[in-house]
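Asks: To start, I am sharing the structure in question, which I have written as structure tokens.
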Amino acid sequence: MSVQLVANILIGVALVVFLGYRQATWQYLDPTRIWRTPLVMAIVGVVILAQTKATVTTTDVVFLGIEALITVGVGLTMGRITRFRTVATPDSKGRTIQSRTGWLGAALWIVLLLVRIGLDVLGGHLGAHLLTSTGTILLVLALNRAARALVIDQRIPVATGRRAA
């Protein structure tokens, strides 16, 4: 196992644990922050991929497409299962709306991780080596977060001055 593969696994697991924890606990909702995370991950992912000297093969494209479809589907589901609540005492930024997906959202993160590992292993055996790139991992996670944000953005309760679903 290469050092890069171990680093990628550790980065991926750390992100999934962090985001899984955030899914299971109530967090103050900041409409701009739900878009900031996928944007930052996507930018970093693109920068890392731009520095990669790997050749992109048809197998890479097929596996990346499959992974993108799955991660977007999970992200849309996470956005749909998100629950909102209004708290009486605002936080230091004046926010009163909190959101979470609960343990189902955390479980979806685990499923996403397992699917990703499975696709990486299968793709690696078939010659799709771009899947294990840190840049690709970040782009896939950014896709998931953006799909989630797209749904949540449309469902934010009226108390934030936004429309509700």
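Chain labels follow the order of the structure tokens: the first chain is A, the next B, and so on; residue numbering restarts at 1 in every chain, and ligands are counted from 1 in their shown order.
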When you look at A:Leu69 with a cut-off of 12 Å (counting only C-alpha atoms), what residues show up, excluding the ones that are within fewer than 2 positions of it in the same chain? I need them as a list in words.
Replies: Val62, Phe63, Leu64, Gly65, Ile66, Glu67, Thr71, Val72, Gly73, Val74, Gly75, Leu76, Leu112, Val115, Arg116, Val140, Leu141, Leu143, Asn144 and Ala147 of chain A
Asks: I want to know what sits within 12 Å of A:Arg145, based on only C-alpha atoms, with residues of the same chain fewer than 3 positions away left out; could you give that as a VMD selection string?
Replies: chain A and resid 15 to 16 19 23 33 to 42 68 71 to 79 109 138 to 142 148 to 153
Asks: Let's have the selection written as a CSV table (one decimal), in the first residue's frame, with N, CA, C and O atoms.
Replies:
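Output saved as out.csv:
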```
chain,number,residue,atom,x,y,z
A,15,LEU,N,-12.8,13.0,7.0
A,15,LEU,CA,-13.9,13.8,6.5
A,15,LEU,C,-15.2,13.2,6.7
A,15,LEU,O,-16.2,13.8,7.1
A,16,VAL,N,-15.3,11.9,6.5
A,16,VAL,CA,-16.6,11.2,6.7
A,16,VAL,C,-17.0,11.2,8.1
A,16,VAL,O,-18.2,11.4,8.5
A,19,LEU,N,-18.0,14.8,8.9
A,19,LEU,CA,-19.3,15.2,8.4
A,19,LEU,C,-20.5,14.3,8.9
A,19,LEU,O,-21.6,14.7,9.1
A,23,GLN,N,-23.8,15.5,10.7
A,23,GLN,CA,-25.2,15.1,10.3
A,23,GLN,C,-26.0,14.7,11.5
A,23,GLN,O,-27.2,14.9,11.5
A,33,ARG,N,-23.0,29.1,4.4
A,33,ARG,CA,-22.0,28.1,4.7
A,33,ARG,C,-22.3,26.8,4.1
A,33,ARG,O,-21.4,26.0,3.8
A,34,ILE,N,-23.6,26.5,3.8
A,34,ILE,CA,-23.9,25.2,3.2
A,34,ILE,C,-23.3,25.1,1.7
A,34,ILE,O,-23.1,24.1,1.2
A,35,TRP,N,-23.1,26.3,1.1
A,35,TRP,CA,-22.4,26.3,-0.2
A,35,TRP,C,-20.9,26.5,-0.1
A,35,TRP,O,-20.2,26.2,-1.0
A,36,ARG,N,-20.4,27.1,1.0
A,36,ARG,CA,-19.0,27.3,1.1
A,36,ARG,C,-18.2,26.1,1.2
A,36,ARG,O,-17.2,25.9,0.5
A,37,THR,N,-18.7,25.1,1.9
A,37,THR,CA,-17.9,23.8,2.1
A,37,THR,C,-17.7,23.1,0.7
A,37,THR,O,-16.6,22.8,0.4
A,38,PRO,N,-18.8,22.9,-0.1
A,38,PRO,CA,-18.5,22.2,-1.4
A,38,PRO,C,-17.7,23.0,-2.3
A,38,PRO,O,-16.9,22.5,-3.1
A,39,LEU,N,-17.8,24.4,-2.2
A,39,LEU,CA,-17.0,25.2,-3.1
A,39,LEU,C,-15.5,25.1,-2.8
A,39,LEU,O,-14.7,24.9,-3.6
A,40,VAL,N,-15.2,25.1,-1.5
A,40,VAL,CA,-13.8,25.0,-1.0
A,40,VAL,C,-13.2,23.6,-1.4
A,40,VAL,O,-12.1,23.5,-2.0
A,41,MET,N,-14.0,22.6,-1.1
A,41,MET,CA,-13.5,21.2,-1.5
A,41,MET,C,-13.3,21.1,-3.0
A,41,MET,O,-12.3,20.5,-3.4
A,42,ALA,N,-14.2,21.7,-3.8
A,42,ALA,CA,-14.1,21.6,-5.2
A,42,ALA,C,-12.8,22.3,-5.7
A,42,ALA,O,-12.1,21.8,-6.6
A,68,ALA,N,-20.0,9.7,-9.4
A,68,ALA,CA,-20.7,11.0,-9.4
A,68,ALA,C,-22.2,10.8,-9.2
A,68,ALA,O,-22.9,11.5,-8.4
A,71,THR,N,-23.0,9.6,-5.6
A,71,THR,CA,-22.7,10.6,-4.6
A,71,THR,C,-23.8,11.8,-4.7
A,71,THR,O,-24.2,12.3,-3.7
A,72,VAL,N,-24.2,12.1,-5.9
A,72,VAL,CA,-25.2,13.1,-6.1
A,72,VAL,C,-26.5,12.6,-5.5
A,72,VAL,O,-27.3,13.3,-4.8
A,73,GLY,N,-26.9,11.3,-5.8
A,73,GLY,CA,-28.1,10.7,-5.3
A,73,GLY,C,-28.1,10.7,-3.8
A,73,GLY,O,-29.1,11.1,-3.1
A,74,VAL,N,-27.0,10.4,-3.1
A,74,VAL,CA,-26.9,10.4,-1.7
A,74,VAL,C,-27.0,11.8,-1.2
A,74,VAL,O,-27.7,12.0,-0.2
A,75,GLY,N,-26.4,12.8,-1.8
A,75,GLY,CA,-26.5,14.2,-1.4
A,75,GLY,C,-27.9,14.7,-1.5
A,75,GLY,O,-28.4,15.4,-0.6
A,76,LEU,N,-28.6,14.4,-2.6
A,76,LEU,CA,-30.0,14.8,-2.7
A,76,LEU,C,-30.9,14.2,-1.6
A,76,LEU,O,-31.7,14.8,-1.0
A,77,THR,N,-30.6,12.9,-1.3
A,77,THR,CA,-31.4,12.2,-0.2
A,77,THR,C,-31.1,12.9,1.1
A,77,THR,O,-32.0,13.1,1.9
A,78,MET,N,-29.8,13.2,1.4
A,78,MET,CA,-29.4,13.9,2.6
A,78,MET,C,-30.2,15.2,2.8
A,78,MET,O,-30.6,15.6,3.8
A,79,GLY,N,-30.2,15.9,1.7
A,79,GLY,CA,-30.9,17.2,1.7
A,79,GLY,C,-32.4,17.0,2.0
A,79,GLY,O,-33.0,17.8,2.7
A,109,TRP,N,-23.5,8.4,5.1
A,109,TRP,CA,-22.1,8.7,4.9
A,109,TRP,C,-21.3,7.4,4.9
A,109,TRP,O,-20.3,7.2,4.1
A,138,LEU,N,-11.9,14.7,-3.1
A,138,LEU,CA,-12.5,16.0,-2.7
A,138,LEU,C,-13.6,16.4,-3.7
A,138,LEU,O,-14.6,17.0,-3.2
A,139,LEU,N,-13.4,16.2,-4.9
A,139,LEU,CA,-14.4,16.6,-5.9
A,139,LEU,C,-15.7,15.8,-5.7
A,139,LEU,O,-16.8,16.3,-5.8
A,140,VAL,N,-15.6,14.5,-5.4
A,140,VAL,CA,-16.7,13.7,-5.2
A,140,VAL,C,-17.5,14.1,-3.9
A,140,VAL,O,-18.7,14.3,-3.9
A,141,LEU,N,-16.7,14.4,-2.9
A,141,LEU,CA,-17.4,14.9,-1.6
A,141,LEU,C,-18.0,16.3,-1.9
A,141,LEU,O,-19.1,16.6,-1.4
A,142,ALA,N,-17.4,17.1,-2.7
A,142,ALA,CA,-17.9,18.4,-3.0
A,142,ALA,C,-19.2,18.3,-3.8
A,142,ALA,O,-20.2,19.0,-3.5
A,148,ARG,N,-26.6,18.2,-1.7
A,148,ARG,CA,-27.3,18.4,-0.4
A,148,ARG,C,-27.7,19.8,-0.2
A,148,ARG,O,-28.9,20.1,0.1
A,149,ALA,N,-26.8,20.7,-0.5
A,149,ALA,CA,-27.1,22.2,-0.3
A,149,ALA,C,-28.2,22.6,-1.2
A,149,ALA,O,-29.0,23.5,-0.9
A,150,LEU,N,-28.2,22.1,-2.5
A,150,LEU,CA,-29.2,22.5,-3.4
A,150,LEU,C,-30.6,22.2,-2.9
A,150,LEU,O,-31.5,23.1,-2.9
A,151,VAL,N,-30.8,21.0,-2.3
A,151,VAL,CA,-32.1,20.7,-1.7
A,151,VAL,C,-32.4,21.5,-0.4
A,151,VAL,O,-33.5,22.0,-0.3
A,152,ILE,N,-31.4,21.6,0.5
A,152,ILE,CA,-31.6,22.3,1.7
A,152,ILE,C,-31.9,23.8,1.4
A,152,ILE,O,-32.8,24.4,2.1
A,153,ASP,N,-31.2,24.4,0.5
A,153,ASP,CA,-31.4,25.8,0.2
A,153,ASP,C,-32.9,26.1,-0.2
A,153,ASP,O,-33.4,27.1,0.1
```
Asks: Pick out each residue of chain A that DSSP on the backbone tags as strand (DSSP E or B); I need them as a list in words.
Replies: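 Those in chain A that DSSP calls strand (DSSP E or B) are Gln27, Tyr28, Arg83, Phe84, Arg85, Thr86, Ile97, Gln98, Ser99 and Arg100 of chain A.
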Asks: List as a list in words the protein and nucleic acid residues near A:Ile11, meaning an atom at most 12 Å away when only C-alpha atoms are counted, but skip any in the same chain fewer than 5 places from it.
Replies: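 Counting only C-alpha atoms, the residues come to Gln4, Leu5, Val6, Val16, Val17, Phe18, Leu113, Thr132, Ser133, Thr134, Gly135, Ile137, Leu138 and Leu141 of chain A.
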Asks: Filtering to N, CA and C atoms, could you give me those residues as a PDB file, in the first residue's frame?
Replies:
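After the write, again_36.pdb holds the following:
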```pdb
ATOM      1  N   GLN A   4       0.579   7.493  -0.493  1.00  0.00           N
ATOM      2  CA  GLN A   4      -0.515   8.333  -0.977  1.00  0.00           C
ATOM      3  C   GLN A   4      -1.856   7.656  -0.734  1.00  0.00           C
ATOM      4  N   LEU A   5      -1.936   6.344  -0.953  1.00  0.00           N
ATOM      5  CA  LEU A   5      -3.193   5.628  -0.730  1.00  0.00           C
ATOM      6  C   LEU A   5      -3.579   5.663   0.743  1.00  0.00           C
ATOM      7  N   VAL A   6      -2.606   5.466   1.619  1.00  0.00           N
ATOM      8  CA  VAL A   6      -2.888   5.530   3.064  1.00  0.00           C
ATOM      9  C   VAL A   6      -3.338   6.936   3.447  1.00  0.00           C
ATOM     10  N   VAL A  16     -15.329  11.856   6.471  1.00  0.00           N
ATOM     11  CA  VAL A  16     -16.597  11.157   6.666  1.00  0.00           C
ATOM     12  C   VAL A  16     -16.998  11.164   8.139  1.00  0.00           C
ATOM     13  N   VAL A  17     -16.039  10.940   9.037  1.00  0.00           N
ATOM     14  CA  VAL A  17     -16.346  10.967  10.475  1.00  0.00           C
ATOM     15  C   VAL A  17     -16.805  12.364  10.885  1.00  0.00           C
ATOM     16  N   PHE A  18     -16.082  13.378  10.439  1.00  0.00           N
ATOM     17  CA  PHE A  18     -16.439  14.754  10.773  1.00  0.00           C
ATOM     18  C   PHE A  18     -17.822  15.103  10.239  1.00  0.00           C
ATOM     19  N   LEU A 113     -19.069   5.950   1.862  1.00  0.00           N
ATOM     20  CA  LEU A 113     -17.663   5.556   2.029  1.00  0.00           C
ATOM     21  C   LEU A 113     -17.438   4.131   1.522  1.00  0.00           C
ATOM     22  N   THR A 132      -8.316   7.083  -6.997  1.00  0.00           N
ATOM     23  CA  THR A 132      -7.666   7.152  -5.689  1.00  0.00           C
ATOM     24  C   THR A 132      -6.964   8.479  -5.435  1.00  0.00           C
ATOM     25  N   SER A 133      -7.051   9.408  -6.368  1.00  0.00           N
ATOM     26  CA  SER A 133      -6.430  10.715  -6.201  1.00  0.00           C
ATOM     27  C   SER A 133      -7.160  11.523  -5.125  1.00  0.00           C
ATOM     28  N   THR A 134      -6.411  12.224  -4.311  1.00  0.00           N
ATOM     29  CA  THR A 134      -7.007  13.087  -3.294  1.00  0.00           C
ATOM     30  C   THR A 134      -7.908  14.127  -3.939  1.00  0.00           C
ATOM     31  N   GLY A 135      -7.507  14.651  -5.080  1.00  0.00           N
ATOM     32  CA  GLY A 135      -8.323  15.632  -5.786  1.00  0.00           C
ATOM     33  C   GLY A 135      -9.673  15.065  -6.190  1.00  0.00           C
ATOM     34  N   ILE A 137     -11.228  12.519  -4.746  1.00  0.00           N
ATOM     35  CA  ILE A 137     -11.994  12.301  -3.511  1.00  0.00           C
ATOM     36  C   ILE A 137     -12.657  13.604  -3.079  1.00  0.00           C
ATOM     37  N   LEU A 138     -11.904  14.695  -3.099  1.00  0.00           N
ATOM     38  CA  LEU A 138     -12.464  15.988  -2.700  1.00  0.00           C
ATOM     39  C   LEU A 138     -13.559  16.447  -3.656  1.00  0.00           C
ATOM     40  N   LEU A 141     -16.728  14.421  -2.861  1.00  0.00           N
ATOM     41  CA  LEU A 141     -17.356  14.930  -1.640  1.00  0.00           C
ATOM     42  C   LEU A 141     -17.988  16.298  -1.883  1.00  0.00           C
TER      43      LEU A 141
END
```
Asks: Figure out the distance between atom CA of A:His129 and atom CA of A:Asp60, please, to one decimal in Å.
Replies: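 Here the two named atoms are 6.8 Å from each other.
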Asks: So which bits of chain A end up helix (DSSP H, G or I) when you DSSP the backbone, as a PyMOL selection string?
Replies: chain A and resi 3-24+33-51+58-81+102-126+130-132+134-155+158-160
Asks: I'd like the interatomic distance between atom CA of A:Tyr28 and atom CA of A:Arg155, to a tenth of an Å.
Replies: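 One can read the atom CA of A:Tyr28 to atom CA of A:Arg155 distance as 14.8 Å.
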